[in-house]
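Text of entry_31.json, listed as JSON, C-alpha atoms and all ligand atoms:
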[["chain", "number", "residue", "atom", "x", "y", "z"],
["A", 597, "MET", "CA", 99.89, 165.23, 115.03],
["A", 598, "THR", "CA", 98.11, 165.28, 118.36],
["A", 599, "ARG", "CA", 98.95, 162.82, 121.06],
["A", 600, "ASN", "CA", 95.50, 161.34, 120.74],
["A", 601, "SER", "CA", 95.69, 160.59, 117.02],
["A", 602, "ARG", "CA", 99.10, 158.97, 117.48],
["A", 603, "LEU", "CA", 97.62, 156.74, 120.13],
["A", 604, "TRP", "CA", 94.79, 155.73, 117.83],
["A", 605, "ARG", "CA", 97.21, 154.97, 115.02],
["A", 606, "THR", "CA", 99.28, 152.74, 117.30],
["A", 607, "LEU", "CA", 96.15, 150.93, 118.43],
["A", 608, "ALA", "CA", 95.04, 150.38, 114.84],
["A", 609, "LEU", "CA", 98.46, 148.97, 113.88],
["A", 610, "VAL", "CA", 98.47, 146.61, 116.86],
["A", 611, "THR", "CA", 94.99, 145.38, 115.94],
["A", 612, "VAL", "CA", 95.95, 144.71, 112.33],
["A", 613, "GLY", "CA", 99.14, 142.96, 113.45],
["A", 614, "CYS", "CA", 97.28, 140.69, 115.84],
["A", 615, "THR", "CA", 94.71, 139.78, 113.20],
["A", 616, "LEU", "CA", 97.41, 138.87, 110.69],
["A", 617, "LEU", "CA", 99.31, 136.82, 113.27],
["A", 618, "THR", "CA", 96.19, 134.92, 114.35],
["A", 619, "GLY", "CA", 95.41, 134.13, 110.71],
["A", 620, "LEU", "CA", 98.92, 132.86, 110.12],
["A", 621, "LEU", "CA", 98.86, 130.64, 113.21],
["A", 622, "ARG", "CA", 95.47, 129.28, 112.25],
["A", 623, "SER", "CA", 96.49, 128.33, 108.71],
["A", 624, "GLY", "CA", 99.64, 126.68, 110.08],
["A", 625, "ALA", "CA", 97.59, 124.61, 112.52],
["A", 626, "LYS", "CA", 95.21, 123.64, 109.72],
["A", 627, "ALA", "CA", 98.06, 122.41, 107.52],
["A", 628, "GLN", "CA", 99.33, 120.23, 110.35],
["A", 629, "LEU", "CA", 95.91, 118.79, 111.09],
["A", 630, "ALA", "CA", 95.21, 117.98, 107.42],
["A", 631, "GLN", "CA", 92.43, 115.45, 107.31],
["A", 632, "PRO", "CA", 93.67, 112.01, 106.29],
["A", 633, "ARG", "CA", 91.67, 109.96, 103.81],
["A", 634, "VAL", "CA", 89.72, 107.26, 105.60],
["A", 635, "ILE", "CA", 89.98, 103.69, 104.31],
["A", 636, "GLU", "CA", 87.68, 101.14, 105.92],
["A", 637, "VAL", "CA", 88.62, 97.49, 105.88],
["A", 638, "LEU", "CA", 87.00, 94.44, 107.38],
["A", 639, "ALA", "CA", 89.46, 91.68, 108.34],
["A", 640, "ASP", "CA", 86.91, 88.92, 108.44],
["A", 641, "SER", "CA", 86.52, 85.59, 110.21],
["A", 642, "ASP", "CA", 86.73, 83.71, 106.88],
["A", 643, "SER", "CA", 90.35, 84.90, 106.44],
["A", 644, "ARG", "CA", 89.54, 87.58, 103.86],
["A", 645, "TYR", "CA", 89.94, 91.32, 103.72],
["A", 646, "LYS", "CA", 86.74, 93.05, 102.68],
["A", 647, "ILE", "CA", 85.93, 96.57, 101.56],
["A", 648, "ALA", "CA", 82.31, 97.67, 101.32],
["A", 649, "GLY", "CA", 81.10, 97.82, 97.71],
["A", 650, "GLU", "CA", 84.11, 96.00, 96.25],
["A", 651, "ARG", "CA", 83.84, 92.44, 95.02],
["A", 652, "THR", "CA", 87.61, 92.09, 94.98],
["A", 653, "PRO", "CA", 88.95, 94.41, 97.67],
["A", 654, "GLU", "CA", 91.88, 96.58, 96.73],
["A", 655, "ILE", "CA", 93.33, 99.84, 97.94],
["A", 656, "THR", "CA", 94.59, 102.65, 95.74],
["A", 657, "VAL", "CA", 96.37, 105.64, 97.26],
["A", 658, "LYS", "CA", 98.50, 108.56, 96.17],
["A", 659, "SER", "CA", 102.21, 108.68, 96.88],
["A", 660, "GLY", "CA", 102.82, 110.05, 100.39],
["A", 661, "GLU", "CA", 99.10, 110.51, 101.08],
["A", 662, "LEU", "CA", 97.94, 110.74, 104.70],
["A", 663, "LEU", "CA", 95.63, 107.87, 105.53],
["A", 664, "LEU", "CA", 93.46, 106.71, 108.36],
["A", 665, "LEU", "CA", 92.98, 102.96, 108.18],
["A", 666, "ARG", "CA", 89.80, 102.06, 110.04],
["A", 667, "VAL", "CA", 89.66, 98.34, 110.65],
["A", 668, "THR", "CA", 87.05, 95.98, 111.98],
["A", 669, "ALA", "CA", 88.54, 92.59, 112.75],
["A", 670, "ARG", "CA", 86.69, 89.34, 113.36],
["A", 671, "ARG", "CA", 88.40, 86.31, 114.81],
["A", 672, "GLY", "CA", 89.04, 83.39, 112.48],
["A", 673, "LYS", "CA", 89.71, 79.82, 113.59],
["A", 674, "THR", "CA", 93.13, 80.49, 115.11],
["A", 675, "TRP", "CA", 95.01, 83.51, 116.42],
["A", 676, "ASN", "CA", 98.26, 84.63, 118.01],
["A", 677, "ARG", "CA", 99.17, 84.12, 121.62],
["A", 678, "ASP", "CA", 99.26, 87.92, 122.09],
["A", 679, "GLY", "CA", 95.61, 88.17, 121.07],
["A", 680, "SER", "CA", 96.22, 89.42, 117.51],
["A", 681, "ILE", "CA", 93.69, 87.82, 115.18],
["A", 682, "HIS", "CA", 94.83, 89.13, 111.78],
["A", 683, "GLY", "CA", 97.79, 91.03, 110.41],
["A", 684, "PHE", "CA", 98.16, 93.63, 107.70],
["A", 685, "SER", "CA", 101.62, 93.89, 106.25],
["A", 686, "LEU", "CA", 102.44, 95.88, 103.14],
["A", 687, "LEU", "CA", 104.94, 94.27, 100.74],
["A", 688, "ARG", "CA", 106.58, 95.80, 97.67],
["A", 689, "GLY", "CA", 105.44, 93.99, 94.55],
["A", 690, "LYS", "CA", 108.89, 93.83, 92.97],
["A", 691, "ASP", "CA", 110.81, 92.11, 95.80],
["A", 692, "ARG", "CA", 108.18, 91.38, 98.47],
["A", 693, "THR", "CA", 110.09, 93.36, 101.10],
["A", 694, "LYS", "CA", 108.09, 94.95, 103.91],
["A", 695, "VAL", "CA", 107.27, 98.65, 103.87],
["A", 696, "GLU", "CA", 108.38, 100.33, 107.10],
["A", 697, "GLY", "CA", 105.52, 101.40, 109.36],
["A", 698, "TRP", "CA", 103.05, 99.14, 107.60],
["A", 699, "ASP", "CA", 103.32, 95.97, 109.67],
["A", 700, "LEU", "CA", 100.06, 95.99, 111.62],
["A", 701, "LEU", "CA", 98.36, 93.52, 113.93],
["A", 702, "PHE", "CA", 94.65, 93.59, 114.65],
["A", 703, "LYS", "CA", 92.76, 92.82, 117.84],
["A", 704, "PRO", "CA", 89.09, 91.83, 117.72],
["A", 705, "GLY", "CA", 86.78, 94.76, 117.03],
["A", 706, "LYS", "CA", 87.40, 98.27, 115.72],
["A", 707, "GLN", "CA", 90.76, 100.00, 115.56],
["A", 708, "GLU", "CA", 92.36, 102.85, 113.65],
["A", 709, "PHE", "CA", 95.85, 103.46, 112.29],
["A", 710, "ARG", "CA", 97.26, 106.76, 111.02],
["A", 711, "LEU", "CA", 99.58, 105.93, 108.15],
["A", 712, "THR", "CA", 101.47, 107.60, 105.35],
["A", 713, "ALA", "CA", 101.31, 106.00, 101.91],
["A", 714, "PRO", "CA", 104.63, 104.86, 100.45],
["A", 715, "THR", "CA", 106.30, 107.57, 98.38],
["A", 716, "GLU", "CA", 107.34, 105.16, 95.64],
["A", 717, "PRO", "CA", 104.54, 104.61, 93.12],
["A", 718, "GLY", "CA", 103.87, 101.05, 92.03],
["A", 719, "GLU", "CA", 102.21, 97.77, 92.89],
["A", 720, "TYR", "CA", 102.17, 96.49, 96.45],
["A", 721, "GLU", "CA", 100.40, 93.70, 98.25],
["A", 722, "VAL", "CA", 98.77, 93.52, 101.67],
["A", 723, "VAL", "CA", 99.21, 90.16, 103.38],
["A", 724, "CYS", "CA", 97.92, 88.77, 106.66],
["A", 725, "THR", "CA", 100.73, 87.80, 109.02],
["A", 726, "VAL", "CA", 98.68, 85.87, 111.57],
["A", 727, "ILE", "CA", 97.85, 82.22, 110.95],
["A", 728, "CYS", "CA", 94.12, 82.90, 111.18],
["A", 729, "SER", "CA", 92.86, 79.62, 109.65],
["A", 730, "GLU", "CA", 93.95, 76.88, 107.23],
["A", 731, "ASP", "CA", 93.06, 79.39, 104.50],
["A", 732, "HIS", "CA", 95.29, 82.13, 105.93],
["A", 733, "GLU", "CA", 97.47, 82.17, 102.77],
["A", 734, "GLY", "CA", 94.44, 83.38, 100.83],
["A", 735, "MET", "CA", 94.22, 86.54, 102.95],
["A", 736, "HIS", "CA", 95.81, 89.23, 100.81],
["A", 737, "MET", "CA", 94.83, 92.14, 98.58],
["A", 738, "LYS", "CA", 96.22, 94.43, 95.94],
["A", 739, "PHE", "CA", 97.50, 97.85, 96.96],
["A", 740, "THR", "CA", 98.44, 100.44, 94.36],
["A", 741, "VAL", "CA", 100.40, 103.66, 94.89],
["A", 742, "LEU", "CA", 99.77, 106.29, 92.22],
["A", 743, "PRO", "CA", 102.33, 109.04, 91.52],
["A", 801, "CU", "CU", 94.14, 86.72, 108.67]]

Translate the structure described by the file into structure tokens.
Ligand SMILES: [Cu+2]
Amino acid sequence: MTRNSRLWRTLALVTVGCTLLTGLLRSGAKAQLAQPRVIEVLADSDSRYKIAGERTPEITVKSGELLLLRVTARRGKTWNRDGSIHGFSLLRGKDRTKVEGWDLLFKPGKQEFRLTAPTEPGEYEVVCTVICSEDHEGMHMKFTVLP
């Protein structure tokens, strides 16, 4: 084998190696940046959650699913001292305990939250935790986690 052909072979191997490595790194980055599913909710001034196109708003997700909760909040009659106008707290249906990481407070306007759906399938409930009007107790919605 001439010196020249050995050189070319080395170059070819390096090129293939780099291409493979780049591909690997790219697919890894893609997995990490997996697009969450967007859920849009209006936390309205009449102390109700609303979801476009749903007469009775409810959220259904898959166990452990990555979510982006996109919220628009409108001030009701009363709000918290810290400026929060509505809350969004996820409770387990069976014992009404809070799900960790799902105790949110909203400021007026648009805001987004990156969340992971509970891993345990079942029925949950979203409740508002800010006394936003005399009808605050009516501010809740069904939340279902599918296996
Ligand atoms: Cu509220």

So that each row is one residue of chain A with an atom at most 8 Å from ligand CU 801 (chain A), can you give its shortest atom pair and the distance in Å to one decimal, using only C-alpha atoms and all ligand atoms, rows by chain and rising number, as JSON lines?
{"residue": "A:Ala639", "atom": "CA", "partner": "A:CU801", "partner_atom": "CU", "distance": 6.8}
{"residue": "A:Asp640", "atom": "CA", "partner": "A:CU801", "partner_atom": "CU", "distance": 7.6}
{"residue": "A:Ser641", "atom": "CA", "partner": "A:CU801", "partner_atom": "CU", "distance": 7.9}
{"residue": "A:Ser643", "atom": "CA", "partner": "A:CU801", "partner_atom": "CU", "distance": 4.8}
{"residue": "A:Arg644", "atom": "CA", "partner": "A:CU801", "partner_atom": "CU", "distance": 6.7}
{"residue": "A:Tyr645", "atom": "CA", "partner": "A:CU801", "partner_atom": "CU", "distance": 8.0}
{"residue": "A:Gly672", "atom": "CA", "partner": "A:CU801", "partner_atom": "CU", "distance": 7.2}
{"residue": "A:Ile681", "atom": "CA", "partner": "A:CU801", "partner_atom": "CU", "distance": 6.6}
{"residue": "A:His682", "atom": "CA", "partner": "A:CU801", "partner_atom": "CU", "distance": 4.0}
{"residue": "A:Gly683", "atom": "CA", "partner": "A:CU801", "partner_atom": "CU", "distance": 5.9}
{"residue": "A:Cys724", "atom": "CA", "partner": "A:CU801", "partner_atom": "CU", "distance": 4.7}
{"residue": "A:Thr725", "atom": "CA", "partner": "A:CU801", "partner_atom": "CU", "distance": 6.7}
{"residue": "A:Val726", "atom": "CA", "partner": "A:CU801", "partner_atom": "CU", "distance": 5.5}
{"residue": "A:Ile727", "atom": "CA", "partner": "A:CU801", "partner_atom": "CU", "distance": 6.3}
{"residue": "A:Cys728", "atom": "CA", "partner": "A:CU801", "partner_atom": "CU", "distance": 4.6}
{"residue": "A:Ser729", "atom": "CA", "partner": "A:CU801", "partner_atom": "CU", "distance": 7.3}
{"residue": "A:His732", "atom": "CA", "partner": "A:CU801", "partner_atom": "CU", "distance": 5.5}
{"residue": "A:Met735", "atom": "CA", "partner": "A:CU801", "partner_atom": "CU", "distance": 5.7}

Coordinates-based distance that separates atom CA of A:Val722 from atom CA of A:His736 (Å, one decimal):
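Value for the atom CA of A:His736-atom CA of A:Val722 distance: 5.3 Å.
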
When you look at A:Ala648 with a cut-off of 9 Å (counting only C-alpha atoms), what residues show up, excluding the ones that are within fewer than 4 positions of it in the same chain? I need them as a list in words.
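So the residues in contact are Glu636, Val637, Leu638 and Pro653 of chain A.
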
Choose the residue, out of A:Lys673, A:Trp698, A:Leu663, A:Glu716, that has the smallest atom-to-atom separation from A:Leu686; count only C-alpha atoms.
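Nearest to A:Leu686: A:Trp698.
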
Atom-to-atom span, atom CA of A:Arg651 and atom CA of A:Met737, Å:
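Separation between atom CA of A:Arg651 and atom CA of A:Met737: 11.6 Å.
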
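As for atom CA of A:Pro704 and atom CA of A:Gly679, they are spaced 8.2 Å apart.
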
With distances taken over all atoms listed in the file, which residue among A:Gln631, A:Thr674, A:Thr656, A:Gln707 lies nearest A:Pro743?
A:Thr656
